[in-house]
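Comments concern the structure below.
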Amino acid sequence: MEPSLVRYIWRYTKKQQIWTLVIVLLSMIPYFMSFDLPKLIVNGPIQGRGFEQPDATRPFMKLHYDLPFIGEVQLFSGFQLDREETLFALSLVFLLLVIINGLFKLYINTYKGRLGERMLRRIRFDLVDRVLRFPPRYFKRVKSAEVATMVKDEVEPLGGFIGDAFLQPVLLGGQALTAMLFIVVQNFWLGMIAAVIVVIQIVLIPRMRRRLIVLGRERQLTARALSGRVGEIVDGIGAVHVHDTSNYERADIAARLGRIFKIRFDLYQWKFMVKFLNNFLAQVTPFLFYMIGGYLAIEGRLDVGQLVAVIGAYKDLPGPMKELIDWDQARQDVQVKYQQVVEQFSVESVIAPRIAALTVDDPPPMTDPLSAISLSVADDGGAMLLDRISVQVKPGETVALVSTATGGADALAEAFARLVWPSSGKVASGADDLLELPEAVTGRRISYASSDVFLFQASLRDNLLYGLKHAPLTSVTYEGAAADQRRWDIEEASRSGNPDHDIHSDWIDYAAAGATGPHDLFEPVRRVLDAVVLSRDILDLGLRSSADLTRHTELARHIVELRAALRTRLEHEGLSGLVVPFEPGAYNKEATIGQNLLFGAAAGPELADRALAANPYFASVLRQSGLDRALYEMGMEIAEQTIELFADLPPDHQFFQQLAFMSAEEIPAYETLLQRLKNRPYEAVSENDRAMIVTLSFAYIEPRHRFGLLSDELMSKIVAARNMFYENLPPDLQNAVERYDPAKYIAAATVMDNVLFGRVGNNHPDAPDRIRSIVYDILDELGLYGELLDVGLDFNVGSGGRRLTGGQRQKLDVARALLKRPDFLILNRPLEALDQRMQEKVLRNVLEEARRDGHSPAIVWVVTNPAMGMMFDRVVVFDSGRLVEDGTQETLLARSGIFKELLS
């Protein structure tokens, strides 16, 4: 990277900088004229010079020049104006110059702001592009949070400086010199006073500010380290809680914050001391002007108009000077920041841009063997993971890599996937070094999956199809304002040095997955999900998710049919008691009181969960129906019994898993509340306290909790209150709840809730599993299995895929690698989170799926159990970084070597 920020700026903005400099120089003309006008106004029409006679006039806007050898040349004689007219005319010219100077500033600031933002965009893109080309070993030593902080925050000040890099010293210096020249022209000695003060500012202030640069550098380094440490805590939060080290982490963060506070406090002290001195010097000069200039005016050696003009000119001098000094400090500061970023991003052996160049056309298949030739791989500590091994994998061959505890099979798999680079030797595809091949070849013809899975915070579908997004294959057609916006985006991307690829294009390589387009992609997706035994998990996620009606119209259209089919199947199997359906005019005993009152799915936060009791309209419905006091008394009874039963249990007791009213952490708060409200009349209880107590009653289910608090009369009142609630529902709550309707799909509810349209009985422990199995059968019969799987694929996996289990993440990674249908499939202990039986099942499925439709990739699998080697054409055994055995399983067993020992 370019080590000098100024050279980096000049390299990419040379034409724009020259243009702004021309505009700045032109702006100096009206700027100088604005200094001279106050003198003309004061000396002329105000003091009357030239208007001694009552009817005297003077020319206005007379254009004439004294030329050498020619004499006076008059271009325009001007307008003859009297004293008042001249005053108004000169004042209007002054206003015009103010407007012109303002327009110059507006144009210059807007232009430099846009220029700075473009360059900031370029720098950030260059840094991220460089991260994408870092060698793999670099990522083992750097914290992701620190890199993100540098890209996001540390280069932010560069954007504000880039537009000022060349323009600001010319603009501010020009303004200062113009003001200084004008003062000298008016009076030499006043000019010398101003010059001395300016020289002191220019010499002294920057020297004092060097300390600020040192402190700023320390602040930046400590803040970056804090960011990296916080990122570590977030990534390792499990270890923190497991080992009870949260207070150690608090102490560490407090110590780091203390260091930052000390640096920032010193910075502020020094900064304001420099500011005080600068302001003092700026105010000394007007004092001298008033004193000395006033004396000269009294003596008649300086007229009042000149003194006013000098003071007016100097009023504009400290501003540019101060900003010029600030610019110099900013220049040094951003140069330090830029150098620090350059140091962090200057890494040896960066991947060449041609390796990662965009390629739309699919490369030809890799028909040559994948070979390790005298390959050695070392870790960061210098320990040899592989020691001069040579092995070859032919196209279509299946190879099991078996390793002892100190083996090297994992390192070979990573080397084949280009995730580690050789210390010596090489990995080759035929005669080509793998590191020299474009990623368009290796990234499409080689797939890799391991137990160390990273998933992006996106949907299951996005993560599954991620391996197919190599290039924009289908462009999007934009019309109207969208087309104008797209053209603007392309133009700005080009000017900022960014690629103009459209992220909204279709990037999915359907052909690689064995499909012709989005309409038939589902079949290969379903096959790979079945192969890794992930389909049922995704179906479960689909049942627990809400379907997007704009995409899953078939599911919504058949929902009533699904409900009826479920009822019929349950009756046929004698299980009709498993589900109690919702009926508009009846109370559902298996649902909570809150669900019976709302009788719908909350579509917004206004009526969701604990906000329901606090909602003013809902509270008014309870009052009108006479339920407010009854539910309050029920809540008090629930609180008393719950605290009596559970208060003495430890927070991790299994009974709390069944407690729906309150969590273990909330019991002390409710215990305090109960003591405060006991024996207090209902009318004296505050609205907030009432809502907290009534909320407890909303979670009550009589067959489950058996407190004996729900009577037939109370159930009838609840149904009546439900009808009252919907009869007068205010407009602002119309979209906050979707009422249950037996003939409609409830968009705000989950798919399972829509299918059940009721609640599962609490007296049947295995009811959820039995019902789920029946629902899957019905979905398959109605041809809606794919629709539900599609709903499940919309599930967001969370940060790093943490909303999925470890086994689910590993299965998804294998499915992603398999969906790409590569020529070489590298699997490095990909299913360690699964038990041995499930690993073997998935292994068989993957081997079968990989060879579907005549496709026959080479498969290299680092197995966790040597017995799995029987499913492969060949077994390669590693021990202490060396290849010790290579052959079929039968051959290796006959040798009675390490492989046989591992099996025993």
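Here's how to read the names in the structure tokens: chain A, B, ... by the order shown, residue numbers from 1 in each chain, ligand numbers from 1 in the order shown.
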
inquiry  = Need the shell around Asp609 in chain A: protein/DNA/RNA residues with any atom at most 10 Å away, counting only C-alpha atoms. Skip same-chain ones fewer than 4 positions apart. Format as a count of residues only?
reply    = 8

request  = Mind checking which residues fall within 8 Å of Val342 in chain A, counting only C-alpha atoms, ignoring those fewer than 2 positions away in the same chain, and posting them as a PyMOL selection string?
outcome  = chain A and resi 1-3+338-340+344-346

query = Just asking: which residues within range 446-591 of chain A are alpha helix (DSSP H) according to DSSP, as a PyMOL selection string?
reply = chain A and resi 460-464+481-495+522-531+535-543+553-557+559-572

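If you look at CA of Leu562 in chain A and CA of Leu779 in chain A, they are 7.6 Å away from each other.
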
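Atom pair CA of Glu154 in chain A / CA of Arg121 in chain A: separated by 13.1 Å.
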
task = Please provide the set of residues having any atom within 7 Å of range 502-516 of chain A, restricted to only C-alpha atoms, with same-chain residues fewer than 4 positions apart removed, written as an MDAnalysis selection string.
result = chainID A and resid 468:476 520:521 524 819:821

Kindly save the residues from that selection, with N, CA, C and O atoms included, as a PDB file, in the first residue's frame.
ATOM      1  N   LEU A 468     -22.600 -21.156  -4.229  1.00  0.00           N
ATOM      2  CA  LEU A 468     -22.951 -21.038  -5.648  1.00  0.00           C
ATOM      3  C   LEU A 468     -22.897 -19.600  -6.146  1.00  0.00           C
ATOM      4  O   LEU A 468     -23.177 -19.340  -7.307  1.00  0.00           O
ATOM      5  N   LYS A 469     -22.553 -18.663  -5.261  1.00  0.00           N
ATOM      6  CA  LYS A 469     -22.615 -17.245  -5.624  1.00  0.00           C
ATOM      7  C   LYS A 469     -21.232 -16.746  -6.028  1.00  0.00           C
ATOM      8  O   LYS A 469     -20.525 -16.118  -5.244  1.00  0.00           O
ATOM      9  N   HIS A 470     -20.868 -17.002  -7.272  1.00  0.00           N
ATOM     10  CA  HIS A 470     -19.524 -16.666  -7.754  1.00  0.00           C
ATOM     11  C   HIS A 470     -19.496 -15.360  -8.551  1.00  0.00           C
ATOM     12  O   HIS A 470     -18.512 -14.625  -8.501  1.00  0.00           O
ATOM     13  N   ALA A 471     -20.562 -15.097  -9.309  1.00  0.00           N
ATOM     14  CA  ALA A 471     -20.578 -13.933 -10.198  1.00  0.00           C
ATOM     15  C   ALA A 471     -22.030 -13.593 -10.521  1.00  0.00           C
ATOM     16  O   ALA A 471     -22.896 -14.468 -10.486  1.00  0.00           O
ATOM     17  N   PRO A 472     -22.310 -12.313 -10.842  1.00  0.00           N
ATOM     18  CA  PRO A 472     -23.683 -11.957 -11.245  1.00  0.00           C
ATOM     19  C   PRO A 472     -23.985 -12.529 -12.626  1.00  0.00           C
ATOM     20  O   PRO A 472     -23.399 -12.119 -13.626  1.00  0.00           O
ATOM     21  N   LEU A 473     -24.905 -13.475 -12.666  1.00  0.00           N
ATOM     22  CA  LEU A 473     -25.176 -14.190 -13.908  1.00  0.00           C
ATOM     23  C   LEU A 473     -26.372 -13.625 -14.658  1.00  0.00           C
ATOM     24  O   LEU A 473     -26.446 -13.728 -15.879  1.00  0.00           O
ATOM     25  N   THR A 474     -27.317 -13.027 -13.942  1.00  0.00           N
ATOM     26  CA  THR A 474     -28.514 -12.469 -14.571  1.00  0.00           C
ATOM     27  C   THR A 474     -28.682 -11.046 -14.083  1.00  0.00           C
ATOM     28  O   THR A 474     -28.736 -10.798 -12.885  1.00  0.00           O
ATOM     29  N   SER A 475     -28.749 -10.106 -15.011  1.00  0.00           N
ATOM     30  CA  SER A 475     -28.880  -8.705 -14.623  1.00  0.00           C
ATOM     31  C   SER A 475     -30.331  -8.372 -14.306  1.00  0.00           C
ATOM     32  O   SER A 475     -31.258  -9.015 -14.781  1.00  0.00           O
ATOM     33  N   VAL A 476     -30.492  -7.334 -13.480  1.00  0.00           N
ATOM     34  CA  VAL A 476     -31.817  -6.865 -13.100  1.00  0.00           C
ATOM     35  C   VAL A 476     -32.196  -5.692 -13.985  1.00  0.00           C
ATOM     36  O   VAL A 476     -31.376  -4.818 -14.269  1.00  0.00           O
ATOM     37  N   ASP A 520     -36.342 -25.045 -10.660  1.00  0.00           N
ATOM     38  CA  ASP A 520     -36.036 -26.454 -10.377  1.00  0.00           C
ATOM     39  C   ASP A 520     -34.830 -26.617  -9.446  1.00  0.00           C
ATOM     40  O   ASP A 520     -34.253 -27.702  -9.346  1.00  0.00           O
ATOM     41  N   LEU A 521     -34.458 -25.539  -8.729  1.00  0.00           N
ATOM     42  CA  LEU A 521     -33.344 -25.633  -7.785  1.00  0.00           C
ATOM     43  C   LEU A 521     -33.743 -26.413  -6.535  1.00  0.00           C
ATOM     44  O   LEU A 521     -32.889 -27.026  -5.886  1.00  0.00           O
ATOM     45  N   PRO A 524     -32.512 -30.414  -6.208  1.00  0.00           N
ATOM     46  CA  PRO A 524     -31.162 -30.730  -5.713  1.00  0.00           C
ATOM     47  C   PRO A 524     -30.942 -30.263  -4.271  1.00  0.00           C
ATOM     48  O   PRO A 524     -30.216 -30.916  -3.512  1.00  0.00           O
ATOM     49  N   LEU A 819     -23.707 -29.518  -2.483  1.00  0.00           N
ATOM     50  CA  LEU A 819     -24.611 -28.905  -3.464  1.00  0.00           C
ATOM     51  C   LEU A 819     -23.849 -28.341  -4.657  1.00  0.00           C
ATOM     52  O   LEU A 819     -24.376 -28.295  -5.774  1.00  0.00           O
ATOM     53  N   LYS A 820     -22.608 -27.957  -4.450  1.00  0.00           N
ATOM     54  CA  LYS A 820     -21.802 -27.347  -5.515  1.00  0.00           C
ATOM     55  C   LYS A 820     -21.365 -28.368  -6.563  1.00  0.00           C
ATOM     56  O   LYS A 820     -20.883 -27.991  -7.640  1.00  0.00           O
ATOM     57  N   ARG A 821     -21.517 -29.658  -6.255  1.00  0.00           N
ATOM     58  CA  ARG A 821     -21.119 -30.757  -7.167  1.00  0.00           C
ATOM     59  C   ARG A 821     -19.704 -30.522  -7.703  1.00  0.00           C
ATOM     60  O   ARG A 821     -19.477 -30.387  -8.909  1.00  0.00           O
TER      61      ARG A 821
END

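Coordinates place CA of Asp537 in chain A at a distance of 26.0 Å from CA of Ile859 in chain A.
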
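For Phe456 in chain A, the residues within 9 Å (counting only C-alpha atoms, excluding itself and residues fewer than 3 positions away along the chain) are Ser459, Asp462, Asn463, Val797, Gly798, Ser799, Gly800 and Gly801 of chain A.
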
key: Contacts of range 526-530 of chain A at 10 Å (only C-alpha atoms; same-chain gap of 6+ positions) as a ChimeraX atom specification   = /A:464,536-538,786,789-790,811-812,814-819,842,845-846,849-850

Written selection (N, CA and C atoms) as a CSV table (one decimal), in the first residue's frame:
chain,number,residue,atom,x,y,z
A,464,LEU,N,-26.8,-22.0,2.7
A,464,LEU,CA,-26.8,-23.2,1.9
A,464,LEU,C,-26.3,-22.9,0.4
A,536,ARG,N,-35.5,-33.0,8.2
A,536,ARG,CA,-36.5,-33.0,9.3
A,536,ARG,C,-36.2,-31.8,10.3
A,537,ASP,N,-35.0,-31.5,10.5
A,537,ASP,CA,-34.7,-30.4,11.4
A,537,ASP,C,-35.2,-29.1,10.8
A,538,ILE,N,-35.1,-28.9,9.5
A,538,ILE,CA,-35.5,-27.7,8.8
A,538,ILE,C,-37.1,-27.7,8.8
A,786,GLY,N,-42.6,-29.6,0.3
A,786,GLY,CA,-41.6,-28.6,-0.2
A,786,GLY,C,-41.9,-27.2,0.3
A,789,LEU,N,-40.7,-27.0,3.8
A,789,LEU,CA,-39.2,-27.0,3.8
A,789,LEU,C,-38.7,-25.6,3.4
A,790,ASP,N,-39.4,-25.0,2.5
A,790,ASP,CA,-39.0,-23.6,2.0
A,790,ASP,C,-39.2,-22.6,3.1
A,811,LYS,N,-23.9,-30.3,9.6
A,811,LYS,CA,-24.6,-30.9,8.5
A,811,LYS,C,-24.8,-29.9,7.3
A,812,LEU,N,-25.2,-28.7,7.7
A,812,LEU,CA,-25.4,-27.6,6.7
A,812,LEU,C,-24.1,-27.3,5.9
A,814,VAL,N,-21.7,-29.5,5.3
A,814,VAL,CA,-21.5,-30.6,4.3
A,814,VAL,C,-22.5,-30.5,3.1
A,815,ALA,N,-23.7,-30.1,3.4
A,815,ALA,CA,-24.7,-29.9,2.4
A,815,ALA,C,-24.3,-28.8,1.4
A,816,ARG,N,-23.7,-27.7,1.9
A,816,ARG,CA,-23.3,-26.6,1.1
A,816,ARG,C,-22.2,-27.1,0.2
A,817,ALA,N,-21.2,-27.9,0.7
A,817,ALA,CA,-20.1,-28.4,-0.1
A,817,ALA,C,-20.6,-29.4,-1.1
A,818,LEU,N,-21.6,-30.2,-0.8
A,818,LEU,CA,-22.1,-31.2,-1.7
A,818,LEU,C,-23.0,-30.6,-2.8
A,819,LEU,N,-23.7,-29.5,-2.5
A,819,LEU,CA,-24.6,-28.9,-3.5
A,819,LEU,C,-23.8,-28.3,-4.7
A,842,VAL,N,-24.7,-40.5,7.4
A,842,VAL,CA,-24.5,-39.4,6.5
A,842,VAL,C,-23.4,-39.7,5.5
A,845,ASN,N,-24.8,-41.7,2.7
A,845,ASN,CA,-25.7,-40.8,1.9
A,845,ASN,C,-24.9,-39.9,1.0
A,846,VAL,N,-23.8,-39.3,1.6
A,846,VAL,CA,-23.0,-38.4,0.8
A,846,VAL,C,-22.3,-39.1,-0.4
A,849,GLU,N,-25.0,-39.7,-2.9
A,849,GLU,CA,-25.5,-38.5,-3.6
A,849,GLU,C,-24.5,-37.9,-4.5
A,850,ALA,N,-23.2,-37.9,-4.1
A,850,ALA,CA,-22.1,-37.3,-4.9
A,850,ALA,C,-22.0,-38.0,-6.2

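Residues lying within 12 Å of Ser424 in chain A, counting only C-alpha atoms and ignoring same-chain neighbours fewer than 4 positions away, are A:Ala372, A:Ile373, A:Ser374, A:Leu375, A:Ser376, A:Val377, A:Ala378, A:Met384, A:Leu385, A:Leu386, A:Asp387, A:Arg388, A:Ile389, A:Ser390, A:Ala415, A:Val420.
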
task = Please identify all polymer residues within 10 Å of Arg563 in chain A, counting only C-alpha atoms, omitting same-chain residues fewer than 6 positions from it, and present them as an NGL selection string.
result = :A and (569 or 581 or 742-743 or 754-758 or 775 or 778)

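Each of A:Gly626, A:Gly407, A:Pro45, A:Pro857 was checked against Asp368 in chain A using only C-alpha atoms; the smallest atom-to-atom distance is that of A:Pro857.
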